[in-house]
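S.K.: Okay, handing you the structure first.
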Amino acid sequence: MAWRRRNGVASVSAAVAIAVSLAPVLSGCSSPAKPADSPPLLSPFTGEPVKALGRVLAVKIDNIKDARPPTGLTRADIVYLLPVEGGLSRILAVFSSQLPSVIGPVRSAREDDLELVRQFGRPAFAYSGAQPELVSVVHRARIVDLYAGIVGGYFRDQRRVAPHNLYAHTQQLLAEAPGASKAHDVGFRFGPAPSGGRTQSSFSVSYPAASFTFRWSARVGRWLVWMDGSAADATEGGQLSAPTVVIQHTKVRTSRFLEAGSRPPYAESTGTGTGVVLRDGMAYDIRWSRQNPDGGTTFTTLSGQPMTFAPGPVWIVLVS
């Protein structure tokens, strides 16, 4: 079902309705009534108008210093920051409303990616590979499998050092995924900010070997992203940013699968927990809940109100 903004419809008295219907007859002219303007179709991922609900493409993106700046993230609807081995981070970028021409650098999947993408139905999932025992699990997951070893669309940028130089043409990836799910409700709610927030100009969070800072810019109406102490730039130009940032506190355990001889972190995205939502230069303490792995996440304020997001891309940091 398409996800649309609901508008109230005012009733009209019978007398007025009759008068309006007779007006063309009494005046001797025919003037067909104009249909009421239909409400815009809104993306369930960003709350912004879209022409149609597009297929969902999730891409695993490298995020160490040698892999920066990334390409294509400015077009993502949702950006997840996830912990990986060595205390570092990687990105899971979700696209539907709009697509960059190129995305990357693409890197390998981890076990917790599979739990995260289940909420999107059967999304297209692009990744460069996985640990040998995990790769067969990824192949069997409920995804349209866009593993770089089996589909087209990927290329190496020789100006960068491998393995941080694998990129993909997004239109070609989606051509390989005609059966991918379209965007649907994953629990996000957009609208005016709720009560109870506190003024916040900057907010930082970290993993053992990675740090993120989000600084509010009233000029652009977004949180500017800093990583490991430096501005997080995009190859398209400018600094990465988002109107809404979610710091989602969760349980971080270890994966079943070894990675370079050790078990990498597994950030759980199901269950319940607390967190902080940043929007409009304010911070809101929140609770989150995702009881069904196939469903989305609900976010509420501590008083139980829906935690509404500002329209636009959403960044989510999963952190212990």
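Residues in the structure tokens are numbered from 1 in each chain, the chains being A, B, ... in the order shown, and ligands are numbered from 1 in the order shown.
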Find the residues near Arg122 (chain A): any atom within 8 Å, counting only C-alpha atoms, skip ones fewer than 2 places away on the same chain, and give them as a ChimeraX atom specification.
M.R.: /A:118,120,124,142-144,180-181
S.K.: With the cut-off set at 7 Å and counting only C-alpha atoms, tabulate each residue of region 123-214 of chain A with an atom at most that distance from an atom of region 53-62 of chain A, showing the nearest atom pair and its distance in Å to one decimal, ordered by chain and increasing number, as a tab-separated table.
M.R.:
residue	atom	partner	partner_atom	distance
A:Pro123	CA	A:Val56	CA	5.1
A:Ala124	CA	A:Leu57	CA	4.8
A:Phe125	CA	A:Ala58	CA	4.8
A:Ala126	CA	A:Val59	CA	4.7
A:Tyr127	CA	A:Lys60	CA	5.5
A:His164	CA	A:Asp62	CA	7.0
A:Ala180	CA	A:Arg55	CA	5.8
A:Ser181	CA	A:Arg55	CA	5.4
A:Lys182	CA	A:Arg55	CA	4.0
A:Ala183	CA	A:Leu53	CA	5.7
S.K.: Work out how far CA of Pro208 (chain A) is from CA of Phe299 (chain A), in Å to one decimal.
M.R.: 26.5 Å
S.K.: Considering only strand (DSSP E or B) as DSSP defines it on the backbone, what residues of region 26-237 of chain A qualify? List them as a ChimeraX atom specification.
M.R.: /A:41-42,49,55,57-61,71,78-83,89-95,102-104,106,124-127,144-147,154-156,166-169,182,190,198-199,202-207,210-217,222-227,230-231,233
S.K.: Pick the closest to Asp145 (chain A) from A:Leu116, A:Val161, A:Ile103, A:Leu173: which is it, counting only C-alpha atoms?
M.R.: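 Selected residue with least distance to Asp145 (chain A): A:Leu173.
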S.K.: Would you compute the distance between CA of Met227 (chain A) and CA of Gly281 (chain A)? Give it in Å to one decimal.
M.R.: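 One can read the CA of Met227 (chain A) to CA of Gly281 (chain A) distance as 19.2 Å.
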S.K.: Kindly indicate which residue among A:Tyr147, A:Tyr154, A:Tyr80, A:Trp216 lies nearest to Ser202 (chain A), using only C-alpha atoms for the distances.
M.R.: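 Checking each of A:Tyr147, A:Tyr154, A:Tyr80, A:Trp216 against Ser202 (chain A), counting only C-alpha atoms, the winner is A:Trp216.
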S.K.: Distance CA of Pro264 (chain A)-CA of Pro70 (chain A), one decimal place?
M.R.: 22.9 Å
S.K.: From the options A:Trp288, A:Leu42, A:Thr71, A:Arg159, which residue's atoms come nearest to Pro311 (chain A), counting only C-alpha atoms?
M.R.: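 Selected residue with least distance to Pro311 (chain A): A:Leu42.
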S.K.: Using only C-alpha atoms, which protein or nucleic acid residues come within 10 Å of region 239-241 of chain A? Drop anything in the same chain fewer than 2 positions from it, and give the result as a PyMOL selection string.
M.R.: chain A and resi 69-70+73-74+214-217+220-226+231-237+243-245+313-315
S.K.: For Ser101 (chain A), which residue among A:Ala177, A:Val205, A:Ala76, A:Ala162 is the nearest when counting only C-alpha atoms?
M.R.: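 Result for the nearest residue to Ser101 (chain A): A:Ala76.
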S.K.: Out of A:Ser108, A:Leu114, A:Ala148, A:Leu166, which residue has the shortest atom-to-atom distance to Ala130 (chain A) when counting only C-alpha atoms?
M.R.: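 Closest to Ala130 (chain A) of all the choices is A:Ser108.
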S.K.: As a list in words, which residues of region 82-294 of chain A does DSSP assign to helix (DSSP H, G or I)?
M.R.: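 Selection result, helix (DSSP H, G or I) within region 82-294 of chain A: Glu85, Gly86, Gly87, Glu111, Asp112, Asp113, Leu114, Glu115, Leu116, Val117, Arg118, Gln119, Phe120, Pro132, Glu133, Leu134, Val135, Ser136, Val137, Val138, His139, Arg140, Thr170, Gln171, Gln172, Leu173, Leu174 and Ala175 of chain A.
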S.K.: Neighbours of Ser204 (chain A) within 8 Å (only C-alpha atoms; same-chain residues fewer than 6 positions away dropped), as a PyMOL selection string?
M.R.: chain A and resi 211-214
S.K.: Quick one: of A:Pro132, A:Gln119, A:Ala242, A:Phe257, who's nearest to Asp77 (chain A), counting only C-alpha atoms?
M.R.: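 For Asp77 (chain A), the nearest of the candidates is A:Ala242.
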S.K.: Write out as a VMD selection string which residues come within 10 Å of Gly275 (chain A) when counting only C-alpha atoms, dropping same-chain ones fewer than 3 positions away.
M.R.: chain A and resid 246 to 250 284 to 288 299 to 301 317 to 319
S.K.: Go ahead and dump the residues you just picked, all heavy atoms, as a short mmCIF file (atom, residue, chain, number, x, y, z; two decimals), in the first residue's frame.
M.R.:
data_model
loop_
_atom_site.label_atom_id
_atom_site.label_comp_id
_atom_site.auth_asym_id
_atom_site.auth_seq_id
_atom_site.Cartn_x
_atom_site.Cartn_y
_atom_site.Cartn_z
N VAL A 246 20.07 9.41 14.64
CA VAL A 246 19.63 8.56 15.74
C VAL A 246 20.85 7.85 16.34
O VAL A 246 21.57 7.16 15.62
CB VAL A 246 18.61 7.51 15.27
CG1 VAL A 246 18.14 6.65 16.45
CG2 VAL A 246 17.42 8.17 14.59
N ILE A 247 21.08 8.05 17.62
CA ILE A 247 22.10 7.29 18.34
C ILE A 247 21.33 6.16 19.03
O ILE A 247 20.64 6.39 20.03
CB ILE A 247 22.85 8.15 19.37
CG1 ILE A 247 23.33 9.47 18.73
CG2 ILE A 247 24.00 7.37 19.98
CD1 ILE A 247 24.26 9.30 17.55
N GLN A 248 21.43 4.96 18.50
CA GLN A 248 20.62 3.83 18.96
C GLN A 248 21.47 2.91 19.83
O GLN A 248 22.33 2.19 19.34
CB GLN A 248 20.05 3.07 17.76
CG GLN A 248 19.07 1.97 18.13
CD GLN A 248 18.37 1.39 16.91
OE1 GLN A 248 18.27 2.04 15.85
NE2 GLN A 248 17.86 0.20 17.04
N HIS A 249 21.23 2.95 21.14
CA HIS A 249 21.97 2.11 22.08
C HIS A 249 21.42 0.69 22.00
O HIS A 249 20.22 0.47 22.11
CB HIS A 249 21.82 2.64 23.50
CG HIS A 249 22.34 4.03 23.68
ND1 HIS A 249 21.76 4.94 24.53
CD2 HIS A 249 23.38 4.69 23.10
CE1 HIS A 249 22.42 6.08 24.49
NE2 HIS A 249 23.41 5.95 23.61
N THR A 250 22.31 -0.27 21.84
CA THR A 250 21.88 -1.64 21.67
C THR A 250 22.91 -2.59 22.25
O THR A 250 23.99 -2.17 22.70
CB THR A 250 21.64 -1.96 20.18
OG1 THR A 250 21.05 -3.27 20.06
CG2 THR A 250 22.94 -1.92 19.39
N TYR A 284 16.78 14.58 21.89
CA TYR A 284 15.63 13.96 22.55
C TYR A 284 16.04 12.56 23.04
O TYR A 284 16.52 11.74 22.25
CB TYR A 284 14.46 13.81 21.57
CG TYR A 284 13.92 15.12 21.06
CD1 TYR A 284 14.54 15.78 19.99
CD2 TYR A 284 12.79 15.71 21.62
CE1 TYR A 284 14.06 16.99 19.52
CE2 TYR A 284 12.30 16.92 21.15
CZ TYR A 284 12.94 17.55 20.11
OH TYR A 284 12.46 18.75 19.64
N ASP A 285 15.85 12.31 24.32
CA ASP A 285 16.04 10.96 24.84
C ASP A 285 14.87 10.10 24.39
O ASP A 285 13.70 10.52 24.50
CB ASP A 285 16.13 10.98 26.36
CG ASP A 285 17.37 11.72 26.85
OD1 ASP A 285 18.43 11.57 26.22
OD2 ASP A 285 17.27 12.45 27.86
N ILE A 286 15.17 8.92 23.89
CA ILE A 286 14.11 8.10 23.28
C ILE A 286 14.23 6.64 23.70
O ILE A 286 15.24 6.20 24.25
CB ILE A 286 14.15 8.19 21.73
CG1 ILE A 286 15.53 7.73 21.18
CG2 ILE A 286 13.83 9.60 21.26
CD1 ILE A 286 15.56 6.36 20.61
N ARG A 287 13.16 5.91 23.42
CA ARG A 287 13.16 4.46 23.49
C ARG A 287 12.89 3.92 22.09
O ARG A 287 12.15 4.54 21.32
CB ARG A 287 12.10 3.95 24.46
CG ARG A 287 12.36 4.31 25.92
CD ARG A 287 11.37 3.61 26.84
NE ARG A 287 11.66 3.89 28.25
CZ ARG A 287 11.07 4.86 28.95
NH1 ARG A 287 10.16 5.63 28.36
NH2 ARG A 287 11.39 5.05 30.21
N TRP A 288 13.45 2.76 21.79
CA TRP A 288 13.19 2.13 20.50
C TRP A 288 12.77 0.69 20.72
O TRP A 288 13.11 0.07 21.73
CB TRP A 288 14.41 2.20 19.57
CG TRP A 288 15.62 1.45 20.05
CD1 TRP A 288 16.64 1.92 20.83
CD2 TRP A 288 15.93 0.06 19.80
NE1 TRP A 288 17.57 0.94 21.07
CE2 TRP A 288 17.16 -0.22 20.46
CE3 TRP A 288 15.32 -0.95 19.08
CZ2 TRP A 288 17.76 -1.47 20.41
CZ3 TRP A 288 15.91 -2.21 19.04
CH2 TRP A 288 17.12 -2.46 19.69
N PHE A 299 10.11 4.44 17.39
CA PHE A 299 10.87 5.33 18.24
C PHE A 299 9.88 6.22 18.99
O PHE A 299 9.01 6.84 18.37
CB PHE A 299 11.82 6.20 17.42
CG PHE A 299 12.85 5.42 16.64
CD1 PHE A 299 12.59 4.99 15.34
CD2 PHE A 299 14.08 5.12 17.21
CE1 PHE A 299 13.53 4.27 14.62
CE2 PHE A 299 15.04 4.41 16.50
CZ PHE A 299 14.76 3.97 15.22
N THR A 300 10.01 6.28 20.32
CA THR A 300 9.13 7.12 21.13
C THR A 300 9.96 7.94 22.10
O THR A 300 11.08 7.57 22.47
CB THR A 300 8.13 6.27 21.93
OG1 THR A 300 8.85 5.36 22.77
CG2 THR A 300 7.21 5.49 21.01
N THR A 301 9.39 9.05 22.53
CA THR A 301 10.02 9.84 23.58
C THR A 301 9.83 9.12 24.91
O THR A 301 9.05 8.17 25.01
CB THR A 301 9.41 11.24 23.65
OG1 THR A 301 8.04 11.13 24.05
CG2 THR A 301 9.48 11.95 22.29
N VAL A 317 23.28 5.46 14.19
CA VAL A 317 24.51 4.89 14.72
C VAL A 317 24.12 3.80 15.71
O VAL A 317 23.49 4.09 16.74
CB VAL A 317 25.39 5.94 15.42
CG1 VAL A 317 26.73 5.33 15.81
CG2 VAL A 317 25.59 7.17 14.54
N LEU A 318 24.47 2.55 15.43
CA LEU A 318 24.24 1.46 16.37
C LEU A 318 25.47 1.36 17.27
O LEU A 318 26.59 1.14 16.79
CB LEU A 318 24.01 0.14 15.63
CG LEU A 318 22.72 0.07 14.80
CD1 LEU A 318 22.61 -1.29 14.13
CD2 LEU A 318 21.49 0.32 15.65
N VAL A 319 25.25 1.53 18.58
CA VAL A 319 26.38 1.61 19.50
C VAL A 319 26.03 0.92 20.81
O VAL A 319 24.88 0.91 21.23
CB VAL A 319 26.76 3.09 19.74
CG1 VAL A 319 25.63 3.86 20.41
CG2 VAL A 319 28.04 3.22 20.54
#
